[in-house]
Structures are given as structure tokens and as C-alpha cells.
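Structure file my_file.txt; described as compact mmCIF, C-alpha atoms.
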# COMPACT_ATOMS: atom_id res chain seq x y z
CA MET A 1 71.56 -81.95 99.28
CA ALA A 2 73.71 -80.24 96.66
CA ASP A 3 76.63 -80.07 99.11
CA LEU A 4 76.49 -83.76 100.01
CA PRO A 5 79.06 -86.11 98.47
CA TYR A 6 77.84 -88.21 95.58
CA GLU A 7 78.34 -91.44 97.57
CA VAL A 8 76.15 -90.16 100.42
CA ILE A 9 73.36 -89.16 98.04
CA SER A 10 73.53 -92.57 96.39
CA ASP A 11 73.37 -94.34 99.74
CA ILE A 12 70.34 -92.32 100.82
CA LEU A 13 68.48 -92.96 97.57
CA THR A 14 69.06 -96.73 97.73
CA ARG A 15 67.07 -96.75 100.98
CA LEU A 16 63.94 -95.19 99.49
CA PRO A 17 60.84 -96.91 98.04
CA VAL A 18 60.42 -97.05 94.27
CA ILE A 19 57.54 -94.56 94.27
CA TYR A 20 59.87 -91.81 95.52
CA LEU A 21 62.76 -92.77 93.26
CA LEU A 22 60.55 -92.45 90.20
CA ARG A 23 59.74 -88.90 91.25
CA PHE A 24 63.36 -88.06 92.03
CA ARG A 25 64.41 -89.04 88.51
CA SER A 26 62.99 -85.66 87.50
CA VAL A 27 65.13 -83.67 89.95
CA CYS A 28 68.17 -83.45 87.69
CA LYS A 29 70.05 -85.35 85.00
CA SER A 30 72.66 -86.67 87.44
CA TRP A 31 69.97 -88.19 89.69
CA ARG A 32 68.20 -89.72 86.70
CA SER A 33 71.47 -91.25 85.53
CA LEU A 34 72.19 -92.55 89.04
CA ILE A 35 68.76 -94.12 89.57
CA ASP A 36 68.81 -95.74 86.12
CA ASN A 37 72.27 -97.19 86.68
CA ARG A 38 72.39 -101.01 86.84
CA ARG A 39 74.69 -100.97 89.86
CA PHE A 40 72.29 -98.68 91.74
CA ILE A 41 69.35 -100.95 90.86
CA SER A 42 71.30 -103.97 92.12
CA VAL A 43 72.14 -102.26 95.43
CA HIS A 44 68.53 -101.10 95.82
CA LEU A 45 67.39 -104.73 95.45
CA LYS A 46 69.39 -105.64 98.55
CA ASN A 47 67.30 -103.19 100.61
CA PRO A 48 63.74 -104.62 100.49
CA ILE A 49 62.18 -101.39 101.75
CA HIS A 50 58.70 -101.75 100.39
CA THR A 51 56.75 -104.96 99.88
CA ASN A 52 53.33 -105.47 98.37
CA LEU A 53 50.74 -108.20 98.53
CA ILE A 54 49.34 -108.94 95.06
CA LEU A 55 45.83 -110.39 95.04
CA SER A 56 44.02 -111.79 92.02
CA ASN A 57 40.28 -111.91 91.60
CA ASP A 58 39.36 -113.45 88.25
CA SER A 59 40.77 -110.99 85.68
CA ASP A 60 41.48 -108.25 88.24
CA LEU A 61 44.73 -107.73 90.13
CA TYR A 62 45.16 -105.60 93.26
CA GLN A 63 48.21 -104.26 95.05
CA ILE A 64 48.12 -103.91 98.85
CA ASP A 65 50.84 -102.49 101.08
CA PHE A 66 52.36 -105.34 103.11
CA PRO A 67 52.34 -106.07 106.00
CA ASN A 68 50.09 -103.09 106.83
CA LEU A 69 47.42 -104.35 104.38
CA ASN A 70 46.18 -100.80 103.82
CA GLY A 71 44.08 -100.04 100.75
CA ALA A 72 43.72 -102.18 97.66
CA VAL A 73 44.95 -100.43 94.51
CA PRO A 74 43.63 -101.91 91.22
CA LEU A 75 46.42 -102.72 88.76
CA ASN A 76 46.25 -102.38 84.99
CA HIS A 77 48.07 -105.54 83.96
CA PRO A 78 49.50 -105.92 80.43
CA LEU A 79 47.58 -109.05 79.37
CA MET A 80 44.26 -108.64 77.65
CA CYS A 81 42.07 -111.35 79.14
CA TYR A 82 39.76 -113.41 76.96
CA SER A 83 38.05 -114.86 80.00
CA ASN A 84 37.85 -114.12 83.71
CA SER A 85 41.17 -115.63 84.69
CA ILE A 86 44.68 -114.25 85.37
CA THR A 87 47.17 -116.61 87.00
CA LEU A 88 50.16 -115.53 89.10
CA LEU A 89 53.04 -117.79 88.02
CA GLY A 90 55.71 -116.33 90.27
CA SER A 91 57.42 -113.28 91.76
CA CYS A 92 61.12 -112.41 91.85
CA ASN A 93 63.06 -109.17 92.39
CA GLY A 94 59.96 -107.04 91.95
CA LEU A 95 58.88 -108.80 88.76
CA LEU A 96 55.63 -110.70 88.47
CA CYS A 97 55.15 -113.47 85.95
CA ILE A 98 51.49 -113.63 84.92
CA CYS A 99 49.48 -115.68 82.43
CA ASN A 100 45.99 -115.51 80.95
CA VAL A 101 43.70 -118.20 79.58
CA ALA A 102 45.09 -117.69 76.07
CA ASP A 103 48.51 -118.76 77.40
CA ASP A 104 49.95 -115.28 76.93
CA ILE A 105 52.76 -114.83 79.47
CA ALA A 106 54.38 -111.60 80.65
CA PHE A 107 57.22 -110.53 82.93
CA TRP A 108 55.86 -107.36 84.54
CA ASN A 109 57.05 -104.83 87.09
CA PRO A 110 53.86 -103.27 88.51
CA SER A 111 55.88 -100.55 90.29
CA LEU A 112 57.40 -99.34 87.00
CA ARG A 113 54.42 -100.35 84.84
CA LYS A 114 56.84 -101.97 82.40
CA TYR A 115 56.57 -105.46 80.95
CA ARG A 116 57.82 -107.94 78.38
CA ILE A 117 55.58 -110.42 76.55
CA LEU A 118 57.21 -113.82 76.12
CA PRO A 119 57.32 -115.58 72.76
CA CYS A 120 54.58 -118.16 72.40
CA LEU A 121 55.19 -121.85 72.89
CA PRO A 122 53.81 -124.20 70.23
CA SER A 123 50.59 -125.71 71.52
CA THR A 124 50.78 -129.37 72.50
CA ARG A 125 48.18 -131.40 70.63
CA ARG A 126 47.33 -134.94 71.56
CA SER A 127 46.24 -137.60 69.11
CA ASP A 128 43.09 -139.68 69.53
CA ALA A 129 45.23 -142.43 71.02
CA ASP A 130 46.22 -140.04 73.79
CA ALA A 131 42.65 -138.99 74.58
CA SER A 132 42.72 -140.89 77.86
CA LEU A 133 45.68 -138.87 79.17
CA LEU A 134 45.22 -136.11 81.71
CA ALA A 135 47.41 -133.08 81.00
CA VAL A 136 48.52 -130.77 83.84
CA ARG A 137 50.86 -127.77 83.58
CA VAL A 138 52.88 -125.96 86.22
CA TYR A 139 55.35 -123.10 85.98
CA GLY A 140 58.24 -121.72 87.98
CA PHE A 141 59.81 -118.26 87.69
CA GLY A 142 63.15 -117.18 89.12
CA HIS A 143 66.45 -115.34 88.76
CA GLU A 144 69.70 -117.04 87.78
CA SER A 145 72.04 -114.73 89.68
CA PHE A 146 75.37 -115.83 88.18
CA ALA A 147 74.49 -114.79 84.62
CA GLY A 148 71.89 -112.21 85.67
CA ASP A 149 69.24 -114.09 83.70
CA TYR A 150 65.52 -114.51 84.45
CA LYS A 151 64.09 -117.90 83.60
CA LEU A 152 60.67 -119.50 83.41
CA VAL A 153 60.18 -123.27 83.60
CA ARG A 154 57.06 -124.94 82.22
CA ILE A 155 56.42 -128.60 83.02
CA LEU A 156 53.64 -130.44 81.23
CA PHE A 157 52.62 -133.67 82.95
CA LEU A 158 50.69 -136.34 81.05
CA TYR A 159 48.98 -138.88 83.33
CA ASP A 160 47.67 -142.25 82.14
CA TRP A 161 45.52 -143.41 85.04
CA HIS A 162 44.58 -146.68 83.34
CA ASN A 163 48.20 -147.83 83.25
CA ARG A 164 49.21 -145.79 86.32
CA SER A 165 52.02 -144.14 84.40
CA PHE A 166 53.09 -140.60 83.57
CA GLU A 167 55.50 -138.61 81.46
CA SER A 168 56.62 -135.00 81.53
CA GLN A 169 57.71 -132.39 79.02
CA VAL A 170 59.98 -129.63 80.33
CA LYS A 171 60.46 -126.28 78.58
CA LEU A 172 62.74 -123.46 79.74
CA TYR A 173 62.52 -119.80 78.74
CA SER A 174 65.60 -117.59 79.10
CA LEU A 175 65.28 -113.82 79.01
CA ARG A 176 68.93 -113.66 77.99
CA THR A 177 68.17 -115.37 74.68
CA ASN A 178 64.45 -114.51 74.56
CA SER A 179 63.70 -118.08 73.55
CA TRP A 180 62.38 -121.43 74.79
CA LYS A 181 64.26 -124.70 74.73
CA THR A 182 63.41 -128.30 75.58
CA LEU A 183 65.00 -130.04 78.55
CA PRO A 184 65.08 -133.72 79.57
CA SER A 185 61.90 -134.92 81.25
CA MET A 186 61.48 -134.89 85.04
CA PRO A 187 61.33 -138.45 86.47
CA TYR A 188 58.67 -137.62 89.06
CA ALA A 189 54.93 -137.07 89.14
CA LEU A 190 53.49 -133.78 90.32
CA CYS A 191 51.49 -133.93 93.57
CA CYS A 192 49.74 -130.54 93.52
CA ALA A 193 48.78 -128.95 90.21
CA ARG A 194 47.85 -125.64 91.85
CA THR A 195 51.29 -124.95 93.29
CA MET A 196 53.71 -122.99 91.09
CA GLY A 197 57.44 -123.38 91.57
CA VAL A 198 58.75 -121.76 94.77
CA PHE A 199 61.95 -119.78 94.14
CA VAL A 200 64.61 -120.11 96.87
CA GLY A 201 68.39 -120.49 96.68
CA ASN A 202 68.69 -120.10 92.90
CA ALA A 203 66.27 -123.00 92.42
CA LEU A 204 62.56 -123.68 91.89
CA HIS A 205 60.71 -126.21 94.05
CA TRP A 206 57.68 -128.48 93.66
CA VAL A 207 56.21 -131.40 95.61
CA VAL A 208 56.39 -134.67 93.66
CA THR A 209 56.21 -138.42 94.05
CA ARG A 210 58.18 -141.23 92.41
CA LYS A 211 55.27 -143.46 91.42
CA LEU A 212 51.51 -143.24 91.00
CA GLU A 213 51.02 -145.76 93.78
CA PRO A 214 49.18 -145.52 97.12
CA ASN A 215 51.23 -144.53 100.17
CA GLN A 216 54.17 -143.27 98.12
CA PRO A 217 56.08 -140.64 100.15
CA ASP A 218 56.07 -137.09 98.85
CA LEU A 219 59.35 -135.44 97.90
CA ILE A 220 60.45 -131.88 97.29
CA VAL A 221 62.34 -131.55 94.04
CA ALA A 222 64.49 -128.53 93.13
CA PHE A 223 65.32 -127.30 89.65
CA ASP A 224 68.66 -125.50 89.71
CA LEU A 225 68.34 -122.53 87.34
CA ARG A 226 72.05 -122.41 86.55
CA LEU A 227 72.80 -126.11 86.10
CA GLU A 228 69.32 -126.70 84.65
CA VAL A 229 68.95 -130.04 86.41
CA PHE A 230 66.48 -131.49 88.93
CA LEU A 231 67.68 -132.44 92.41
CA VAL A 232 65.99 -133.87 95.50
CA VAL A 233 65.82 -131.65 98.59
CA PRO A 234 66.75 -133.33 101.92
CA LEU A 235 63.70 -133.38 104.21
CA PRO A 236 63.56 -133.30 108.02
CA GLU A 237 62.61 -136.25 110.19
CA ILE A 238 58.94 -135.48 110.84
CA GLY A 239 58.02 -138.79 112.45
CA ASP A 240 55.31 -141.31 111.61
CA GLU A 241 51.96 -139.87 112.63
CA GLY A 242 49.74 -141.39 110.00
CA ASN A 243 48.80 -140.00 106.61
CA PHE A 244 49.83 -136.49 105.68
CA GLU A 245 50.46 -134.34 102.62
CA ILE A 246 53.15 -131.74 102.11
CA ASP A 247 53.34 -128.51 100.17
CA VAL A 248 56.02 -125.86 99.65
CA ALA A 249 56.05 -122.09 100.03
CA LEU A 250 58.35 -119.15 100.68
CA LEU A 251 58.40 -117.59 104.15
CA GLY A 252 60.86 -114.98 105.34
CA GLY A 253 63.22 -115.75 102.46
CA CYS A 254 63.44 -119.44 103.47
CA LEU A 255 62.12 -122.60 101.87
CA CYS A 256 58.96 -123.54 103.76
CA MET A 257 57.36 -126.98 104.00
CA ILE A 258 53.71 -127.31 105.04
CA VAL A 259 52.75 -130.71 106.49
CA ASN A 260 48.98 -131.28 106.56
CA TYR A 261 47.77 -134.17 108.72
CA GLN A 262 44.45 -134.99 107.08
CA ASP A 263 43.02 -131.54 107.77
CA THR A 264 43.38 -131.98 111.56
CA ARG A 265 46.71 -130.16 112.07
CA VAL A 266 49.20 -128.27 109.94
CA ASP A 267 52.91 -128.07 110.83
CA VAL A 268 55.02 -125.37 109.20
CA TRP A 269 58.76 -126.03 108.80
CA LEU A 270 61.54 -123.71 107.60
CA MET A 271 64.89 -124.62 106.09
CA LYS A 272 66.92 -121.89 107.84
CA LYS A 273 70.10 -122.64 105.86
CA TYR A 274 69.29 -123.58 102.30
CA GLY A 275 70.55 -127.03 101.36
CA SER A 276 71.19 -128.17 104.94
CA LYS A 277 68.94 -130.94 106.25
CA ASP A 278 69.94 -130.12 109.83
CA SER A 279 68.66 -126.55 109.48
CA TRP A 280 64.99 -127.61 109.14
CA CYS A 281 63.01 -126.18 112.06
CA LYS A 282 59.31 -126.46 112.90
CA VAL A 283 58.16 -122.88 113.52
CA PHE A 284 54.53 -123.48 114.47
CA SER A 285 51.58 -125.87 114.39
CA LEU A 286 48.11 -124.77 113.36
CA MET A 287 44.93 -126.40 114.66
CA LYS A 288 41.33 -125.97 113.56
CA SER A 289 39.55 -123.06 115.20
CA ARG A 290 36.24 -121.23 115.13
CA GLU A 291 37.74 -118.71 112.71
CA MET A 292 39.51 -121.27 110.50
CA ARG A 293 37.25 -124.30 110.35
CA SER A 294 39.14 -125.95 107.51
CA LEU A 295 42.87 -126.43 107.12
CA LYS A 296 42.63 -127.29 103.45
CA SER A 297 45.42 -125.79 101.34
CA VAL A 298 46.90 -123.53 104.03
CA ARG A 299 49.90 -121.55 102.77
CA PRO A 300 51.98 -118.91 104.63
CA LEU A 301 52.69 -115.68 102.73
CA GLY A 302 54.75 -113.48 105.05
CA TYR A 303 55.49 -112.16 108.53
CA SER A 304 54.04 -109.11 110.26
CA SER A 305 56.34 -106.13 110.95
CA ASP A 306 57.35 -107.40 114.39
CA GLY A 307 57.59 -111.04 113.26
CA SER A 308 54.99 -112.25 115.76
CA LYS A 309 52.31 -113.08 113.20
CA VAL A 310 52.16 -114.91 109.87
CA LEU A 311 49.73 -114.09 107.08
CA LEU A 312 48.08 -117.30 105.87
CA GLU A 313 46.15 -118.00 102.68
CA GLN A 314 43.48 -120.67 103.07
CA ASP A 315 42.22 -122.59 100.03
CA ARG A 316 43.05 -119.56 97.87
CA LYS A 317 39.89 -117.90 99.14
CA LYS A 318 40.59 -116.33 102.53
CA LEU A 319 43.39 -114.57 104.41
CA PHE A 320 44.18 -114.95 108.12
CA TRP A 321 46.71 -113.58 110.57
CA TYR A 322 48.12 -116.30 112.83
CA ASN A 323 49.67 -115.05 116.08
CA MET A 324 52.48 -117.45 116.94
CA LYS A 325 52.63 -116.29 120.57
CA ASP A 326 49.01 -116.79 121.65
CA GLU A 327 48.12 -119.17 118.75
CA GLN A 328 45.12 -117.05 117.80
CA VAL A 329 43.73 -116.77 114.27
CA THR A 330 42.16 -113.56 112.93
CA CYS A 331 40.33 -113.28 109.62
CA VAL A 332 41.64 -110.56 107.27
CA ARG A 333 39.30 -108.59 105.05
CA ILE A 334 40.73 -106.26 102.43
CA PRO A 335 38.40 -103.33 101.61
CA GLY A 336 37.66 -103.27 97.90
CA VAL A 337 38.51 -106.94 97.33
CA HIS A 338 35.40 -109.06 97.74
CA ASN A 339 36.72 -112.36 96.38
CA LEU A 340 40.15 -113.94 96.22
CA ASN A 341 41.75 -116.40 93.81
CA GLU A 342 45.30 -116.27 95.13
CA GLY A 343 47.86 -114.02 96.77
CA MET A 344 51.57 -113.43 96.27
CA ILE A 345 54.21 -111.24 97.91
CA CYS A 346 56.07 -108.90 95.53
CA MET A 347 58.78 -106.44 96.55
CA GLY A 348 59.11 -103.02 94.98
CA SER A 349 62.09 -102.72 92.65
CA LEU A 350 63.57 -100.77 89.73
CA VAL A 351 64.16 -103.90 87.64
CA SER A 352 62.78 -103.28 84.16
CA PRO A 353 61.83 -106.40 82.20
CA SER A 354 61.75 -104.42 78.95
CA SER A 355 65.52 -103.79 79.11
CA LEU A 356 66.67 -106.97 80.83
CA GLY A 357 67.01 -108.98 77.64
CA GLU A 358 69.62 -106.63 76.19
CA ASN A 359 71.59 -106.53 79.44
CA CYS A 360 71.49 -110.30 79.81
CA ARG A 361 72.77 -110.95 76.29
CA LYS A 362 75.95 -109.00 77.13
CA GLN A 363 76.73 -111.67 79.75
CA ARG A 364 76.38 -114.79 77.61
CA LYS A 365 79.99 -115.83 78.03
CA LEU A 366 79.63 -115.93 81.82
CA GLY A 367 77.00 -118.65 81.89
CA CYS A 368 79.25 -121.64 81.25
CA GLU A 369 82.15 -120.75 83.57
CA ASN A 370 82.75 -122.85 86.68
CA THR A 371 79.62 -124.96 86.08
CA ARG A 372 81.32 -128.12 87.34
CA LYS A 373 82.31 -126.41 90.60
CA ARG A 374 78.74 -125.12 91.09
CA ARG A 375 77.36 -128.64 90.56
CA ASP A 376 79.81 -130.12 93.10
CA ASP A 377 79.00 -127.41 95.65
CA PHE A 378 75.28 -127.98 95.21
CA LEU A 379 75.54 -131.72 95.68
CA SER A 380 77.83 -131.36 98.69
CA GLN A 381 75.04 -129.51 100.51
CA GLY A 382 73.00 -132.68 100.72
CA PHE A 383 71.00 -132.57 97.48
CA LYS A 384 70.74 -135.62 95.28
CA LEU A 385 70.97 -135.43 91.53
CA THR A 386 68.01 -137.04 89.78
CA LEU A 387 68.79 -139.21 86.78
Can the structure in the file be given as C-alpha cells, please?
Amino acid sequence: MADLPYEVISDILTRLPVIYLLRFRSVCKSWRSLIDNRRFISVHLKNPIHTNLILSNDSDLYQIDFPNLNGAVPLNHPLMCYSNSITLLGSCNGLLCICNVADDIAFWNPSLRKYRILPCLPSTRRSDADASLLAVRVYGFGHESFAGDYKLVRILFLYDWHNRSFESQVKLYSLRTNSWKTLPSMPYALCCARTMGVFVGNALHWVVTRKLEPNQPDLIVAFDLRLEVFLVVPLPEIGDEGNFEIDVALLGGCLCMIVNYQDTRVDVWLMKKYGSKDSWCKVFSLMKSREMRSLKSVRPLGYSSDGSKVLLEQDRKKLFWYNMKDEQVTCVRIPGVHNLNEGMICMGSLVSPSSLGENCRKQRKLGCENTRKRRDDFLSQGFKLTL
């Protein structure tokens, strides 16, 4: 390859999985410099060559080639665990955000085995007068592409069931500044405490409701990582078929809405064009079967290689392939993983969280430019600003 032009070599290397690129860094100094270059890393991100399924089982994490689901490789994660619990808070550009029971949080690239531990948040202590409140926390992790910043949102919900009221406390971590800050509260109540923010279209998404009242319709709320505001996502017309619950997920790079009709049927919708209400499309309906006797907490994870099947996670305990053509469900068993807490798709990348902070700080002046235009564009897509 010595006779090939530099541009050709670069193009070839951007099409290779991370495991090979790490080896090729040792070929020569010019290749090492190329592979470590930020522009090369950015181009490589646009070619999602290799994707992994990350599974958690108590304090253990496993990496499985996706969608082949061949071989579970144990991962040595960077968080010492004081109890049998590691939580996957999110995945973005090859980075995983993980947390342990001591509230230690890390941005971690399992392909590079590099990580960054986040500064601790002050613990929230409640007085005796607040003893009747129920506290629930959710997170959301994503990439703010304009400034090249990675951000983590933490929302603490305090529920007073006696007075049927709630309040929220919103904190935002920026890798660019390596610090947390407090944001205005979110005027909605969380519907599902087990769902972390789903990152699509430069925003994080949760299912919420306006009031703690019976028969209140569920909403999907988006937190725009650049504007740092909450907005309401336009939903499709799904009809009136009795009681149902909704959840959100990521499927094929699109925002996905799961509509569960009292555990009798699950409809899966995709927003094909982010922000457009008219682009919502129902891709399949799932019924109970001999293999999947319960439809509780069904969540799609990703497509098979030919796009004919969807990998489903059921109640954070089991995995199934659903064939959309013949509507058949097949149970998936991963050798070496006997129990499952949750699963998450993570692409392979060269993004290093240990060096991102320095790179992000060089772009501070970019963050405030054209913010008004971005807000107007976002609202024009059909979103509603929450006040």
C-alpha cells in the first residue's frame, strides 16, 4: 500500500472496524497520526461498520457482535461496584454512559478501553417534612453536534402522592466544561422510571404526563441538547382503542414509539423524518405467542442484517427475534450470559472520552452562535416549546 495515494489509504482505513485500526496504528508513524486525527475519527463515525450489543447482568457487562450475536465477551468496566448493580444510562458515538450504586458515573469507550469519570453531584437530602415524597431519577446521554459536546441530563422527580403533586430538579453535565449546572424544572411527571433518555435528532426523549390524574394522555417530551429546553414531540393519530401505555426507544436511527394495549398487543411506530408528525409510520404489531407469553415492557433494539427481523428485549430479562414477514417470534439465548438486566446497542468508534474535554473546550465560542435560528427551526418542525 506504500504506492497508494494518501487519500486512498485514508478512505480504506475509514471503512475498517476499530479492532483493526488499533492494530494498524503500529504500522508506521504516518498511519498512527492519521488514525488519531480528529477529522479521521469524525469520518469513521459516519461509517457504522461494526456494532455491538452490550448486555448487563448485575455487576457484569458483556459485549456481543450485533446482529450476528456471536460470543459474549466479558468487559472490564471502569467503575468499581459496591453492590451487584451497573446501570446503562445511554450510548452515543461508541461511548457508553454507565453508573454504579454509589452514583459514580463514567463515559467509557469499551472498544478503546478509555474512560472519563464525571465529577460527583451533591447528594440530595430530604428533610423529615419531605419523608412522604417518592424520589425517582432518570438520565439521558447524548452528543451536541454543533459544539461537539457530550452532555448528560439527570432529572430527579419528587412525587407527593397524598397531594397528587410533583416537582422536578434538572441537572446538566457538559464534557466541554467538565461541570454540572442546574436548569429550570420540567413541568411534566415521568411515566416510566426504568426508561433512560432516548437520543435522536440532537435531543433526548422520555414519556411523561401533565398531571398525576387518571386517564391523562401520555406525551413524549424532548430535551434539545443545544438549546437546553424541553419541547413536546408531535404524536401520530393512533385511534381510540381503549387504555394503552407508550414508551420510547431507538430503532434504525429513528425515534420509536411503543404502544402497549394492556398487554394484549404492542404496536411499534417509527418517526421516519425527525420532527415531522406526518412521517410517523406503524412498522409492525406484536401479539402474544407461545414463545412470548407476556408483552410487558417490550422494547426493540435493532434490525437483523437483512432488515427482516427486529431484536426485542422483553421485561429486561429476555431477548427475542421478531420476523416481520411471517410474524414469528424466536427466543434468543446468548452463550455465557445466563441472566439479563438490560441491553443496549453500541457502535464501535475511535472517540476517546479521556481527550474529549480538552477538544470541546477549544470550541466554547461556537456554542452561542445562531441559537435563535436553531430554536426557530426546531419549533417550525412541529415541536411545541414547554413553559
Between CA of Ser10 in chain A and CA of Trp31 in chain A, what is the distance, to one decimal in Å?
8.8 Å
Around the point (69.2, -129.5, 94.7) in the file's coordinates, collect all residues with an atom within 6 Å, using only C-alpha atoms, and return them as a compact mmCIF listing (two decimals) with C-alpha atoms, keeping the file's coordinate frame.
# COMPACT_ATOMS: atom_id res chain seq x y z
CA ALA A 222 64.49 -128.53 93.13
CA LEU A 231 67.68 -132.44 92.41
CA VAL A 232 65.99 -133.87 95.50
CA VAL A 233 65.82 -131.65 98.59
CA PHE A 383 71.00 -132.57 97.48
CA of Leu95 in chain A to CA of Asn57 in chain A, distance in Å rounded to a single decimal:
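Distance reported for this atom pair: 19.1 Å.
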Using 6 Å of padding on each side, determine the axis-aligned box around all atoms of range 34-41 of chain A present in the file and give its centre and edge lengths in Å to one decimal, as lines of an AutoDock Vina configuration file.
center_x = 71.7
center_y = -96.8
center_z = 88.9
size_x = 17.9
size_y = 20.5
size_z = 17.6
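Distance annotation: of A:Val268, A:Cys28, A:Leu118, A:Val248, the residue with the minimal separation from Leu219 in chain A is A:Val248; atom set is all atoms listed in the file.
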With only C-alpha atoms counted and 9 Å as the cut-off, give the residues of range 108-171 of chain A in contact with range 97-104 of chain A, each with its shortest interatomic distance in Å and the pair that gives it, as a Markdown table.
| residue | atom | partner | partner_atom | distance |
| --- | --- | --- | --- | --- |
| A:Trp108 | CA | A:Cys97 | CA | 6.3 |
| A:Asn109 | CA | A:Cys97 | CA | 8.9 |
| A:Ile117 | CA | A:Asp104 | CA | 7.4 |
| A:Leu118 | CA | A:Asp104 | CA | 7.4 |
| A:Pro119 | CA | A:Asp104 | CA | 8.5 |
| A:Cys120 | CA | A:Asp104 | CA | 7.1 |
| A:Leu121 | CA | A:Asp103 | CA | 8.6 |
| A:Phe141 | CA | A:Cys97 | CA | 6.9 |
| A:Leu152 | CA | A:Cys97 | CA | 8.6 |
Could you check the closest approach to Ile41 in chain A for each of A:Lys171, A:Arg15, A:Arg176, A:Lys211 and tell me which residue wins, using only C-alpha atoms?
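Closest to Ile41 in chain A of all the choices is A:Arg15.
Nearest residue to Ile155 in chain A, choosing from A:Leu133, A:Leu225, A:Leu183, A:Leu319 and counting all atoms listed in the file: A:Leu183.
Nearest residue to Thr14 in chain A, choosing from A:Ser85, A:Ser165, A:Ser42, A:Ser33 and counting only C-alpha atoms: A:Ser42.
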What is the CA of Val283 in chain A-CA of Leu270 in chain A distance in Å, reported with one decimal?
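Rounded to one decimal, the two atoms are 6.9 Å apart.
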Given all atoms listed in the file, how would the per-residue table for range 258-311 of chain A near range 48-56 of chain A read, listing every residue at most 12 Å away with its closest atom pair and distance in Å to one decimal, sorted by chain and number, as a Markdown table?
| residue | atom | partner | partner_atom | distance |
| --- | --- | --- | --- | --- |
| A:Leu301 | CA | A:Leu53 | CA | 8.8 |
| A:Gly302 | CA | A:Leu53 | CA | 9.3 |
| A:Tyr303 | CA | A:Thr51 | CA | 11.3 |
| A:Ser304 | CA | A:Thr51 | CA | 11.5 |
| A:Ser305 | CA | A:Thr51 | CA | 11.1 |
| A:Leu311 | CA | A:Leu53 | CA | 10.4 |
All residues 12 Å or closer to Arg293 in chain A, all atoms listed in the file, same chain fewer than 2 positions away omitted, as JSON, numbers by chain:
{"A": [263, 264, 265, 286, 287, 288, 289, 290, 291, 295, 296, 298, 314, 315, 318, 320, 329, 331]}
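Using only C-alpha atoms, the smallest distance between any of A:Pro214, A:Gly348, A:Gly275, A:Gly336 and Cys92 in chain A comes from A:Gly348.
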Would you kindly return, as a PyMOL selection string, each protein, DNA or RNA residue with an atom no farther than 9 Å from any atom of Ala135 in chain A, considering all atoms listed in the file and excluding same-chain residues fewer than 5 positions away?
chain A and resi 156-159
Please report, as JSON lines, each residue of range 47-122 of chain A lying at most 9 Å from range 190-209 of chain A, together with the nearest pair of atoms and the separation in Å rounded to one decimal; use all atoms listed in the file, and order rows by chain and ascending residue number.
{"residue": "A:Leu88", "atom": "CA", "partner": "A:Met196", "partner_atom": "CA", "distance": 8.5}
{"residue": "A:Leu89", "atom": "CA", "partner": "A:Met196", "partner_atom": "CA", "distance": 6.1}
{"residue": "A:Gly90", "atom": "CA", "partner": "A:Met196", "partner_atom": "CA", "distance": 7.0}
{"residue": "A:Ser91", "atom": "CA", "partner": "A:Phe199", "partner_atom": "CA", "distance": 8.3}
{"residue": "A:Cys92", "atom": "CA", "partner": "A:Phe199", "partner_atom": "CA", "distance": 7.8}
